[in-house]
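Novice: This is the structure I want to talk about, given as structure tokens.
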Amino acid sequence: MKKNSFLMVFALIAAVLAIGCGGGGEQAAAPAQQADSAPAATPGPAVTGGGTVVGSVRYVNGDPDAAIGMDADPVCASLHPGEVHTEKVVTDDDGNLANVLVYVKSGLEGKSFPVPATAHVLDQMGCQYRPHISGVQVGQKLVIRNSDPTLHNVHARPSANKEFNQGQPFQGMELEHTFDQAEVMVPFKCDVHPWMSSYMAVLDHPFFGVSDEQGGFGIENLPAGSYVLEAWHEEFGTQTAEVTVVDGEPAQVSFDFSPDAVAPAG
Amino acid sequence: MFSDTPFLRGIHRLAVLLAGYVVLLITAGGLVKSLEAGLSVPDWPLSYGMLNPPRWWEIETVRAEHGHRLIAGTVLLLTLWLATWIIRREPRKWVRGIAVAALAAVLAQAALGGITVLFFLPTAISVSHAGLAQLFLCLLVVLAVVTSRRWVSGEGARNPAAPVGRVVPLATTTTVVIYLQILLGAVMRHTGAGLAIPDFPLAFGGLIPPRIDFAIGIHFAHRMGALVVATLIFWTLGRVMRLASQERVAVTPAWLLALMVLVQGTLGGLVVLTGKAVLPNTLHVGGGALLLALSLVLTLMTRRLDWIARQAGTEAETEAAGILSPEQAVS
């Protein structure tokens, strides 16, 4: 073999890298599809009548939500001039806790409910998932959108449904998915940006809500009857409460995840 | 003897370069795991549907995973080059066989890398990927050593009376144990047991963990394995210095092994004490590969010296008995 073989080897390596570096310019973002973003706290059930469950969730401890460092991706860091937090433990000054999913855990057995025609949107915006906590019905269309000028991958890690991990390298790309099994919760993560996480409940009914920044939640049009509600929080686990719903009347339920709290009041 | 075997300088240099490049590749793989970036590029063999995803160099996780793929692709091409070259020029059939095995190994390794991404990092596949990487490195080290000038020249030990052969079983055992220790480490890393014992050098404040489950067990086994490896390496060094102190091809790797195992132990401790900081965690993987390669070099060279000595002894016995060799009979 000639002495210049090594030069040829390095030339080959350089060629591979050069070809590689030129890739990617032709892939276009998927056409944006119209999808109505169902608010996380009000899923908009197609059921009418019944009663309403309203309530609040509290967590009094004073631990601040942890800050996120986004230096691993300069584009993400540039999208947030101020401090960014994990959204895991979001409370106001009064100890009201946001991002708690409250859903009917039992009491609806044997009943079926129509699947919403509108899609639920999970957006990647500012290198965070929006919403952080949400819910869909089995069979409901889920649209996952990348609104960021950087690449993301969407990695859903369900236990009952099928796991998937798909890349969205360009801003504006969308993908659609439907879950075919009920489960609470389906974790979502972005393996590119390890701080990104979201949880989505997949339910076979529309009776769920997510607590807002004042800790409030509402479940509308729940048929009269007795139910067990469960409140789910990613850090604090679950609590349950029994509630009886009467047609046309609101029922009150509150949950308290504070360390020294007593049992939930229903 | 292979006195008629030509020294193919280009092939040897490419094999050495490639072996070094594979150590770098293994270290890059360690970086991917240290950053938990294995799924940051969700598709395979392309990356986000293209050869190079946008801004891959700027994003830490994608840089690690995609960079690992680029290095791996280059290794694959270089291995193809080396295997082709050896098949065309190398007269020894068994060397050609090792070259083909190396090519098969790198192809299998690429497939395992793809499968582990597409199936969300199943532990068995990820550990197999880590284990095959080391075997592939071993094949390249063998090629680098057996194509070296010293090997093909048939030159024996400087001190023909030195019992170099007595180093061979210990050096061979050390190499095998280092490989098993790397496999233990791979299982530990890919089952998330790297911090199952949170303190170092003690284990939960004692010499032995107060309780054992899978994570603690595999972690503790890796620590005990490190002690066994260190013991074997220093034992080997002592035996080399006692029995083959004039053989540079044995003394140099033996000393490098001893130095490297100290570095490796320090890195292992730092992995725990820093809570799996990326730098020591990554270098610890590369250090394991270097230890294996050095131990294999020592094993091969001592075996070679021993074999040459045995051949010389056989020829001397033949001459003493007055039996003509076939060459002598012809001439």
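In the structure tokens, each chain is lettered A, B, ... as it comes, each chain's residues begin at 1, and ligands are numbered from 1 in order of appearance.
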Find the residues near range 152-167 of chain A: any atom within 6 Å, counting only C-alpha atoms, skip ones fewer than 6 places away on the same chain, and give them as a list of chain:residue names.

Specialist: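 Listing them by chain and then by number gives A:Gln181, A:Val186, A:Pro187, A:Phe188, A:Lys189, A:Cys190, B:Pro42, B:Tyr48.
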
Novice: Given the choices A:Gly110, A:Pro74, A:Pro81, A:Gly69, which gets closest to chain B if the distance is worked out from only C-alpha atoms?

Specialist: A:Pro74

Novice: What are the residues of chain B that have an atom within 6 Å of an atom of chain A, counting only C-alpha atoms, as a PyMOL selection string?

Specialist: chain B and resi 39-40+42+48+50-52+59-61

Novice: With only C-alpha atoms as the counted atoms, please give the residues lying no more than 8 Å from range 244-257 of chain A, apart from itself and same-chain residues fewer than 2 positions off, as a PyMOL selection string.

Specialist: chain A and resi 49-60+222-227+231+236+239+241-242+259+261-266

Novice: As a list in words, which residues of range 25-156 of chain A does DSSP assign to helix (DSSP H, G or I)?

Specialist: Pro74, Val75, Cys76, Ala77 and Ser78 of chain A

Novice: Please provide the set of residues having any atom within 7 Å of Asp204 in chain A, restricted to only C-alpha atoms, with same-chain residues fewer than 6 positions apart removed, written as a PyMOL selection string.

Specialist: chain A and resi 137-138+182

Novice: Could you dump the residues just selected with N, CA and C atoms as a short mmCIF file (atom, residue, chain, number, x, y, z; two decimals), in the first residue's frame?

Specialist:
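Output (selection25.cif):
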```
data_model
loop_
_atom_site.label_atom_id
_atom_site.label_comp_id
_atom_site.auth_asym_id
_atom_site.auth_seq_id
_atom_site.Cartn_x
_atom_site.Cartn_y
_atom_site.Cartn_z
N GLN A 137 -59.14 12.30 25.99
CA GLN A 137 -59.94 11.07 26.04
C GLN A 137 -59.33 10.02 25.12
N VAL A 138 -59.59 8.78 25.45
CA VAL A 138 -59.18 7.69 24.57
C VAL A 138 -59.77 7.95 23.18
N ALA A 182 -56.87 3.78 28.30
CA ALA A 182 -56.90 4.77 29.38
C ALA A 182 -55.75 4.49 30.34
#
```

Novice: Find the residues near Val136 in chain A: any atom within 10 Å, counting only C-alpha atoms, skip ones fewer than 5 places away on the same chain, and give them as a ChimeraX atom specification.

Specialist: /A:38,40,43,115-116,119-121,141-142,178-179,182,200-206,208

Novice: Store the residues picked out above in a file with all heavy atoms, as a short mmCIF file (atom, residue, chain, number, x, y, z; two decimals), in the first residue's frame.

Specialist:
```cif
data_model
loop_
_atom_site.label_atom_id
_atom_site.label_comp_id
_atom_site.auth_asym_id
_atom_site.auth_seq_id
_atom_site.Cartn_x
_atom_site.Cartn_y
_atom_site.Cartn_z
N ALA A 38 -57.68 22.60 23.50
CA ALA A 38 -58.62 22.50 24.61
C ALA A 38 -57.91 22.89 25.89
O ALA A 38 -56.88 22.33 26.22
CB ALA A 38 -59.13 21.07 24.72
N ALA A 40 -56.46 23.04 29.42
CA ALA A 40 -56.17 21.88 30.26
C ALA A 40 -57.16 21.76 31.41
O ALA A 40 -57.51 20.66 31.81
CB ALA A 40 -54.75 21.99 30.81
N PRO A 43 -61.79 20.57 29.88
CA PRO A 43 -61.69 19.75 28.68
C PRO A 43 -62.89 19.87 27.75
O PRO A 43 -62.83 19.39 26.63
CB PRO A 43 -61.60 18.33 29.25
CG PRO A 43 -62.25 18.41 30.59
CD PRO A 43 -61.95 19.78 31.10
N VAL A 115 -66.30 10.91 22.01
CA VAL A 115 -64.94 11.46 21.94
C VAL A 115 -65.02 12.88 21.37
O VAL A 115 -65.69 13.10 20.36
CB VAL A 115 -64.05 10.58 21.05
CG1 VAL A 115 -62.66 11.20 20.89
CG2 VAL A 115 -63.95 9.17 21.63
N PRO A 116 -64.37 13.86 22.00
CA PRO A 116 -64.41 15.23 21.47
C PRO A 116 -63.91 15.30 20.03
O PRO A 116 -62.94 14.63 19.67
CB PRO A 116 -63.50 16.00 22.42
CG PRO A 116 -63.45 15.19 23.67
CD PRO A 116 -63.59 13.76 23.24
N ALA A 119 -59.19 18.60 18.61
CA ALA A 119 -57.93 17.97 19.00
C ALA A 119 -57.38 18.66 20.24
O ALA A 119 -57.62 19.84 20.47
CB ALA A 119 -56.92 18.07 17.87
N HIS A 120 -56.65 17.91 21.00
CA HIS A 120 -55.92 18.48 22.13
C HIS A 120 -54.52 18.81 21.64
O HIS A 120 -53.89 17.99 20.94
CB HIS A 120 -55.87 17.49 23.29
CG HIS A 120 -55.06 17.98 24.45
ND1 HIS A 120 -55.38 19.12 25.16
CD2 HIS A 120 -53.93 17.50 25.02
CE1 HIS A 120 -54.49 19.30 26.12
NE2 HIS A 120 -53.60 18.33 26.06
N VAL A 121 -54.02 19.98 22.01
CA VAL A 121 -52.70 20.40 21.52
C VAL A 121 -51.70 20.39 22.67
O VAL A 121 -51.94 20.97 23.73
CB VAL A 121 -52.76 21.81 20.90
CG1 VAL A 121 -51.35 22.27 20.50
CG2 VAL A 121 -53.68 21.81 19.69
N LYS A 141 -58.01 13.05 19.13
CA LYS A 141 -56.81 13.43 18.40
C LYS A 141 -55.92 14.33 19.26
O LYS A 141 -56.40 15.29 19.86
CB LYS A 141 -57.17 14.16 17.11
CG LYS A 141 -55.93 14.48 16.24
CD LYS A 141 -56.23 15.47 15.15
CE LYS A 141 -57.09 14.85 14.05
NZ LYS A 141 -57.30 15.82 12.93
N LEU A 142 -54.66 13.96 19.31
CA LEU A 142 -53.66 14.77 20.00
C LEU A 142 -52.72 15.34 18.95
O LEU A 142 -52.20 14.61 18.12
CB LEU A 142 -52.87 13.90 21.00
CG LEU A 142 -51.61 14.50 21.60
CD1 LEU A 142 -51.94 15.71 22.48
CD2 LEU A 142 -50.85 13.44 22.41
N THR A 178 -53.12 9.35 18.64
CA THR A 178 -54.26 9.04 19.51
C THR A 178 -53.87 7.88 20.41
O THR A 178 -53.16 6.96 19.99
CB THR A 178 -55.52 8.64 18.70
OG1 THR A 178 -55.18 7.55 17.84
CG2 THR A 178 -56.06 9.79 17.89
N PHE A 179 -54.32 7.96 21.64
CA PHE A 179 -54.08 6.87 22.58
C PHE A 179 -55.31 5.96 22.58
O PHE A 179 -56.44 6.44 22.54
CB PHE A 179 -53.84 7.41 23.99
CG PHE A 179 -52.54 8.17 24.13
CD1 PHE A 179 -52.54 9.56 24.23
CD2 PHE A 179 -51.33 7.50 24.17
CE1 PHE A 179 -51.35 10.25 24.36
CE2 PHE A 179 -50.14 8.18 24.29
CZ PHE A 179 -50.14 9.57 24.39
N ALA A 182 -56.87 3.78 28.30
CA ALA A 182 -56.90 4.77 29.38
C ALA A 182 -55.75 4.49 30.34
O ALA A 182 -55.46 3.34 30.67
CB ALA A 182 -58.24 4.70 30.11
N MET A 200 -49.76 13.63 30.79
CA MET A 200 -51.08 13.69 30.17
C MET A 200 -51.91 12.48 30.61
O MET A 200 -51.47 11.34 30.48
CB MET A 200 -50.93 13.68 28.64
CG MET A 200 -52.22 13.94 27.89
SD MET A 200 -51.91 13.99 26.11
CE MET A 200 -50.88 15.45 25.99
N ALA A 201 -53.09 12.78 31.14
CA ALA A 201 -54.01 11.70 31.50
C ALA A 201 -54.77 11.25 30.26
O ALA A 201 -55.19 12.08 29.45
CB ALA A 201 -54.98 12.18 32.57
N VAL A 202 -54.92 9.96 30.11
CA VAL A 202 -55.76 9.41 29.03
C VAL A 202 -56.93 8.72 29.70
O VAL A 202 -56.76 7.72 30.40
CB VAL A 202 -54.97 8.42 28.14
CG1 VAL A 202 -55.86 7.94 27.00
CG2 VAL A 202 -53.71 9.06 27.61
N LEU A 203 -58.11 9.28 29.52
CA LEU A 203 -59.29 8.80 30.23
C LEU A 203 -60.37 8.38 29.25
O LEU A 203 -60.38 8.84 28.09
CB LEU A 203 -59.82 9.90 31.15
CG LEU A 203 -58.84 10.36 32.25
CD1 LEU A 203 -59.28 11.67 32.86
CD2 LEU A 203 -58.72 9.28 33.32
N ASP A 204 -61.26 7.50 29.71
CA ASP A 204 -62.35 7.08 28.83
C ASP A 204 -63.62 7.87 29.10
O ASP A 204 -64.72 7.44 28.78
CB ASP A 204 -62.59 5.57 28.95
CG ASP A 204 -62.70 5.13 30.39
OD1 ASP A 204 -62.88 6.01 31.26
OD2 ASP A 204 -62.60 3.90 30.63
N HIS A 205 -63.45 9.03 29.70
CA HIS A 205 -64.57 9.94 29.93
C HIS A 205 -64.02 11.37 29.95
O HIS A 205 -62.79 11.56 30.04
CB HIS A 205 -65.28 9.60 31.25
CG HIS A 205 -64.39 9.71 32.45
ND1 HIS A 205 -64.00 10.91 32.98
CD2 HIS A 205 -63.77 8.75 33.21
CE1 HIS A 205 -63.22 10.72 34.01
NE2 HIS A 205 -63.05 9.40 34.17
N PRO A 206 -64.90 12.35 29.89
CA PRO A 206 -64.41 13.73 29.83
C PRO A 206 -64.39 14.44 31.18
O PRO A 206 -64.22 15.67 31.21
CB PRO A 206 -65.43 14.39 28.89
CG PRO A 206 -66.71 13.69 29.20
CD PRO A 206 -66.35 12.27 29.56
N PHE A 208 -62.68 15.54 33.95
CA PHE A 208 -61.41 15.83 34.62
C PHE A 208 -61.13 17.32 34.50
O PHE A 208 -61.72 18.03 33.67
CB PHE A 208 -60.26 15.02 34.01
CG PHE A 208 -60.04 15.28 32.54
CD1 PHE A 208 -59.17 16.27 32.10
CD2 PHE A 208 -60.70 14.52 31.58
CE1 PHE A 208 -58.97 16.49 30.76
CE2 PHE A 208 -60.51 14.74 30.22
CZ PHE A 208 -59.65 15.74 29.81
#
```

Novice: What's around Thr274 in chain B at 12 Å? Count only C-alpha atoms, leave out sequence neighbours fewer than 6 positions away in its own chain, and write the answer as JSON, numbers by chain.

Specialist: {"B": [194, 195, 198, 199, 200, 266, 267, 268, 280, 281]}

Novice: Would you save the residues of that selection, restricted to all heavy atoms, as a compact mmCIF listing (two decimals), in the first residue's frame?

Specialist:
```
# COMPACT_ATOMS: atom_id res chain seq x y z
N GLY B 194 -25.41 3.37 39.23
CA GLY B 194 -24.12 4.03 39.44
C GLY B 194 -23.98 4.71 40.78
O GLY B 194 -22.87 4.91 41.28
N LEU B 195 -25.10 5.10 41.37
CA LEU B 195 -25.06 5.75 42.68
C LEU B 195 -25.82 4.93 43.72
O LEU B 195 -26.24 5.45 44.75
CB LEU B 195 -25.65 7.16 42.60
CG LEU B 195 -24.87 8.16 41.73
CD1 LEU B 195 -25.59 9.49 41.67
CD2 LEU B 195 -23.45 8.35 42.26
N PRO B 198 -23.95 5.31 47.75
CA PRO B 198 -23.72 6.74 47.56
C PRO B 198 -22.41 7.26 48.09
O PRO B 198 -22.06 8.41 47.81
CB PRO B 198 -24.90 7.38 48.31
CG PRO B 198 -25.24 6.38 49.38
CD PRO B 198 -24.90 5.03 48.83
N ASP B 199 -21.67 6.46 48.87
CA ASP B 199 -20.41 6.96 49.41
C ASP B 199 -19.24 6.17 48.83
O ASP B 199 -19.41 5.10 48.24
CB ASP B 199 -20.42 6.89 50.94
CG ASP B 199 -20.85 5.52 51.47
OD1 ASP B 199 -21.42 4.74 50.68
OD2 ASP B 199 -20.62 5.23 52.65
N PHE B 200 -18.05 6.73 49.03
CA PHE B 200 -16.83 6.10 48.51
C PHE B 200 -15.66 6.60 49.35
O PHE B 200 -15.62 7.77 49.67
CB PHE B 200 -16.62 6.47 47.03
CG PHE B 200 -15.41 5.84 46.42
CD1 PHE B 200 -15.47 4.59 45.85
CD2 PHE B 200 -14.17 6.51 46.44
CE1 PHE B 200 -14.35 4.00 45.30
CE2 PHE B 200 -13.05 5.93 45.89
CZ PHE B 200 -13.14 4.67 45.31
N THR B 266 -9.35 6.18 40.65
CA THR B 266 -9.65 7.56 41.06
C THR B 266 -10.89 8.07 40.34
O THR B 266 -11.77 8.69 40.95
CB THR B 266 -8.45 8.47 40.75
OG1 THR B 266 -7.28 7.93 41.38
CG2 THR B 266 -8.69 9.88 41.25
N LEU B 267 -10.96 7.79 39.03
CA LEU B 267 -12.13 8.24 38.26
C LEU B 267 -13.41 7.57 38.78
O LEU B 267 -14.45 8.22 38.91
CB LEU B 267 -11.94 7.91 36.78
CG LEU B 267 -10.93 8.79 36.02
CD1 LEU B 267 -10.66 8.21 34.64
CD2 LEU B 267 -11.45 10.22 35.90
N GLY B 268 -13.31 6.29 39.10
CA GLY B 268 -14.47 5.58 39.62
C GLY B 268 -14.96 6.20 40.92
O GLY B 268 -16.17 6.38 41.13
N PRO B 280 -15.85 12.84 34.86
CA PRO B 280 -15.29 11.57 35.36
C PRO B 280 -16.09 10.36 34.90
O PRO B 280 -15.50 9.29 34.63
CB PRO B 280 -15.35 11.73 36.88
CG PRO B 280 -16.33 12.80 37.14
CD PRO B 280 -16.29 13.71 35.96
N ASN B 281 -17.39 10.52 34.79
CA ASN B 281 -18.24 9.41 34.36
C ASN B 281 -17.87 8.95 32.95
O ASN B 281 -17.85 7.76 32.64
CB ASN B 281 -19.71 9.87 34.41
CG ASN B 281 -20.66 8.72 34.59
OD1 ASN B 281 -20.26 7.59 34.79
ND2 ASN B 281 -21.95 9.01 34.51
```

Novice: Distance CA of Ile125 in chain B-CA of Ala230 in chain B, one decimal place?

Specialist: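 Here the two named atoms are 28.6 Å from each other.
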
Novice: Mind the document's chain letters and residue numbers, and return as number ranges by chain the residues of range 25-228 of chain A that DSSP labels strand (DSSP E or B).

Specialist: A: 51-58, 67-68, 84-85, 91, 96-97, 101-106, 120-125, 128-130, 133-137, 142-146, 152-156, 164-168, 174-177, 183-189, 197-203, 208-210, 216-222, 225-228

Novice: Looking at only C-alpha atoms, which of B:Gly287, B:Val16, B:Phe204, B:Ile71 is the one that sits closest to Leu256 in chain B?

Specialist: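 Smallest distance to Leu256 in chain B is found for B:Gly287.
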
Novice: Can you tell me which residues surround His132 in chain A at a distance of at most 6 Å, considering only C-alpha atoms, apart from same-chain residues fewer than 2 positions away, and format the answer as a list in words?

Specialist: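 In the requested format, the answer is Tyr129, Arg130 and Ser198 of chain A.
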
Novice: Just N, CA, C and O atoms for this one: save the residues we selected as a PDB file, in the first residue's frame.

Specialist:
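Contents of out-v1.pdb, as written:
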```pdb
ATOM      1  N   TYR A 129     -43.079  22.335  27.786  1.00  0.00           N
ATOM      2  CA  TYR A 129     -44.346  21.828  27.260  1.00  0.00           C
ATOM      3  C   TYR A 129     -45.478  22.714  27.748  1.00  0.00           C
ATOM      4  O   TYR A 129     -45.531  23.113  28.915  1.00  0.00           O
ATOM      5  N   ARG A 130     -46.414  22.980  26.855  1.00  0.00           N
ATOM      6  CA  ARG A 130     -47.633  23.714  27.187  1.00  0.00           C
ATOM      7  C   ARG A 130     -48.838  22.907  26.727  1.00  0.00           C
ATOM      8  O   ARG A 130     -48.940  22.633  25.543  1.00  0.00           O
ATOM      9  N   SER A 198     -43.790  16.690  30.718  1.00  0.00           N
ATOM     10  CA  SER A 198     -45.232  16.949  30.731  1.00  0.00           C
ATOM     11  C   SER A 198     -45.926  15.628  31.065  1.00  0.00           C
ATOM     12  O   SER A 198     -45.361  14.544  30.829  1.00  0.00           O
TER      13      SER A 198
END
```

Novice: Quick one: of B:Ala15, B:Ala133, B:Leu25, B:Leu112, who's nearest to Trp81 in chain B, counting only C-alpha atoms?

Specialist: B:Ala15

Novice: For a quick check of understanding, using only C-alpha atoms, which of B:Ala102, B:Val263, B:Ala157, B:Val62 has the smallest distance to Trp307 in chain B?

Specialist: B:Ala157
